[in-house]
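Reading through the structure tokens given below for one structure.
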Amino acid sequence: MNKLHPEIVLPEADLTRDLHKKSRRGFLLGGLAAVAAVGGYETMRHARQDNMVPWPQRRVLDLNGKLWHSYLDDAHLTESYPESAIGYLKPNGDHGLDEENDDGTPPDWDGLQLQTPGASPVTLQLSDIQALPTQKIVTKFCCIEGWSVVQKWTGARFSDFTKKFLPPGAHLTDYVYIATDGEDYFVGLDTKSVMHPQTLLAWEQNDKPLVYEHGAPLRLIIPVKYGIKNLKRIGLIRFTNQRPRDFWHEQGYDWFAGL
Amino acid sequence: MAKLVLKHLLAIRWFHWINFPILFLMIWSGLLIYWAYPAYHLGPIPLFPQSWFEALGMRFRLAEGMALHFVLMWIFIINGILYVAYTLFSGEWRYLVPTSLSAFRDAWLVVLHDLHLRKEPPPQEKYNAAQQIAYSGIIVMGIGSLITGLAIYKPAQLSWLAALCGGYEAARLIHFILTMGYLGFFLVHIGQVILAGWNNFRSMVIGWELIRGGDSK
């Protein structure tokens, strides 16, 4: 044929012998490679678990997270949609939402506590947040299950919130931990995502006050993350330099969970 | 006069046999992910009904599926890039890529011949026109899976890519259709390998194929 595809021309008996030799060698090596591949895969799958994922896979997932974190930018905005694109968002998950009162009203909300290293905690009320400049966004809410729906949110930029309420002397840390009151539901976030211009502390959904099952009175809307990070009914915001715990990370999901 | 010809180069055999289990696991983990939102129907019939997921024990494994998919994607991507680069630099692409539009007519003749509707075998070099279209098309599909995959993996950071695919939902649908395409390719490929026989299959493992008769190609 050519240089790449050489030929061997030999008498029939020699040719058969040569072919058998090449076959033995090829299938033996192929078999060994197959055994090594299956062995390697099984070893990986049965390696010690790190938050319900075999640690070699967890390492790669964390590396993926680092990679996308470095690419993340305030200028990379999620797409905005016309209000006509707004659909129905089903309440999906009630972790951290306590039982409603007997008369059907939501339990009391004690405000949100802001904790920063080196400063005393501050407790803020909804009116404090609503005093910040109001932002409205119409973006896609993407569930990690695969579905998505356009919603309109009204709230204050998280970056305006920190500008106003970070105590004197406190500065931004690498991470932010946000939890419901009692910390039944909690998310860990990188500060870059939290300070993204589309990240809101929201109190209205589709121009109506948030209902309880969607996180009244105040929830996180962070369109650069999957829905699982958009925590409802915020009770605690803590700035920290340790990567915080995350509810679904502990159930085997990616910690970064960025979009 | 019989002879041995090195049909499949060593590197290409490695790329092929690495791709096979990795693509299988990408489809498997993809279906674990798809279970969480099995959106696609053909009319009233769901593609992959719940009973199939249940029978195969594939329910409630979204996290596991994602943890596999976003690890193995690296091997799938790197192996694919190396394969394409190797065929380009070695010159092997000349056998693989259809060179003219007549390939489509020739491929049709191959199909008729394979279905025993036409006696004479169509002209061919190393690969016939149908093979050229299939083996080049599968690479285009792979690139399509990568692009649509990235668009649904990072629709915010790569919103321009999602827009290029026609939006997040369209990207997800194309990603799914391409996967169905791989399954179709696999069925035809396996069928053809069985029909072509042992000498042909062996050459994909050991590289060498035994050629009998006066064929001087």
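As shown in the structure tokens, the chain order sets the letters A, B, ...; within each chain, residues go from 1, and ligands are also counted from 1 in the order they appear.
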
Distance filter 7 Å, only C-alpha atoms, chain B against chain A, as an MDAnalysis selection string: chainID B and resid 2:7 36:37 63 67 70:71 153:157 159 205:206 217

With N, CA and C atoms retained, write the just-selected residues as a compact mmCIF listing (two decimals), in the first residue's frame.
# COMPACT_ATOMS: atom_id res chain seq x y z
N ALA B 2 -0.78 -14.85 -1.42
CA ALA B 2 -1.31 -14.26 -0.18
C ALA B 2 -0.29 -13.33 0.44
N LYS B 3 -0.80 -12.38 1.19
CA LYS B 3 0.10 -11.44 1.87
C LYS B 3 -0.59 -10.87 3.11
N LEU B 4 0.22 -10.31 4.01
CA LEU B 4 -0.32 -9.59 5.16
C LEU B 4 -0.17 -8.09 4.91
N VAL B 5 -1.22 -7.37 5.21
CA VAL B 5 -1.17 -5.91 5.06
C VAL B 5 -1.50 -5.28 6.41
N LEU B 6 -0.68 -4.30 6.80
CA LEU B 6 -0.98 -3.57 8.04
C LEU B 6 -2.15 -2.63 7.76
N LYS B 7 -3.35 -3.06 8.14
CA LYS B 7 -4.55 -2.31 7.79
C LYS B 7 -4.80 -1.17 8.78
N ALA B 36 -33.42 11.89 35.53
CA ALA B 36 -33.94 12.91 36.44
C ALA B 36 -34.92 13.86 35.73
N TYR B 37 -34.84 13.93 34.42
CA TYR B 37 -35.78 14.76 33.65
C TYR B 37 -35.94 14.15 32.26
N ALA B 63 -26.68 12.00 40.79
CA ALA B 63 -25.38 12.49 41.27
C ALA B 63 -24.26 11.60 40.75
N ALA B 67 -21.20 12.62 38.29
CA ALA B 67 -19.82 12.45 38.76
C ALA B 67 -19.01 11.59 37.78
N PHE B 70 -18.75 13.92 34.05
CA PHE B 70 -17.85 15.07 34.02
C PHE B 70 -16.41 14.71 34.39
N VAL B 71 -16.17 13.43 34.62
CA VAL B 71 -14.79 12.94 34.76
C VAL B 71 -14.36 12.29 33.45
N TYR B 153 -23.65 22.22 29.88
CA TYR B 153 -22.83 22.11 31.09
C TYR B 153 -22.63 23.49 31.71
N LYS B 154 -22.36 24.51 30.86
CA LYS B 154 -22.11 25.87 31.34
C LYS B 154 -22.92 26.90 30.53
N PRO B 155 -24.25 26.83 30.60
CA PRO B 155 -25.07 27.73 29.78
C PRO B 155 -24.90 29.20 30.15
N ALA B 156 -24.42 29.49 31.36
CA ALA B 156 -24.23 30.89 31.75
C ALA B 156 -22.88 31.41 31.27
N GLN B 157 -21.81 30.69 31.61
CA GLN B 157 -20.47 31.13 31.21
C GLN B 157 -20.30 31.08 29.70
N SER B 159 -22.81 31.30 27.37
CA SER B 159 -24.16 31.56 26.86
C SER B 159 -24.14 31.77 25.34
N VAL B 205 -7.62 -5.61 15.95
CA VAL B 205 -6.90 -5.91 17.19
C VAL B 205 -5.39 -5.98 16.93
N ILE B 206 -5.00 -6.75 15.92
CA ILE B 206 -3.57 -6.97 15.72
C ILE B 206 -3.00 -6.06 14.64
N LYS B 217 -3.64 -3.72 -4.14
CA LYS B 217 -3.82 -2.45 -3.47
C LYS B 217 -3.12 -2.41 -2.12

Who sits within 9 Å of Trp17 (chain B), only C-alpha atoms, same chain under 5 positions skipped, as a PyMOL selection string: chain B and resi 12+22+204-205

Counting only C-alpha atoms, the residue of B:Cys165, B:Leu62, B:Leu117, B:Leu96 that sits nearest Ala129 (chain B): B:Leu96

Straight-line distance linking CA of Trp14 (chain B) with CA of Ile138 (chain B), stated in Å to one decimal: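 Value for the CA of Trp14 (chain B)-CA of Ile138 (chain B) distance: 17.0 Å.
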
Members of region 7-135 of chain B assigned strand (DSSP E or B) by DSSP, as a PyMOL selection string: chain B and resi 41-42+45-46

Residues within 12 Å of Phe15 (chain B), only C-alpha atoms, excluding chain neighbours under 5 positions, as a count of residues only: 22

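Rounded to one decimal, CA of Arg212 (chain B) and CA of Ala103 (chain B) lie 27.0 Å from each other.
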
For Leu166 (chain A), the nearest of the candidates A:Trp153, A:Phe239, A:Trp109, A:Phe186, counting only C-alpha atoms: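 Of A:Trp153, A:Phe239, A:Trp109, A:Phe186, the one nearest Leu166 (chain A), counting only C-alpha atoms, is A:Phe239.
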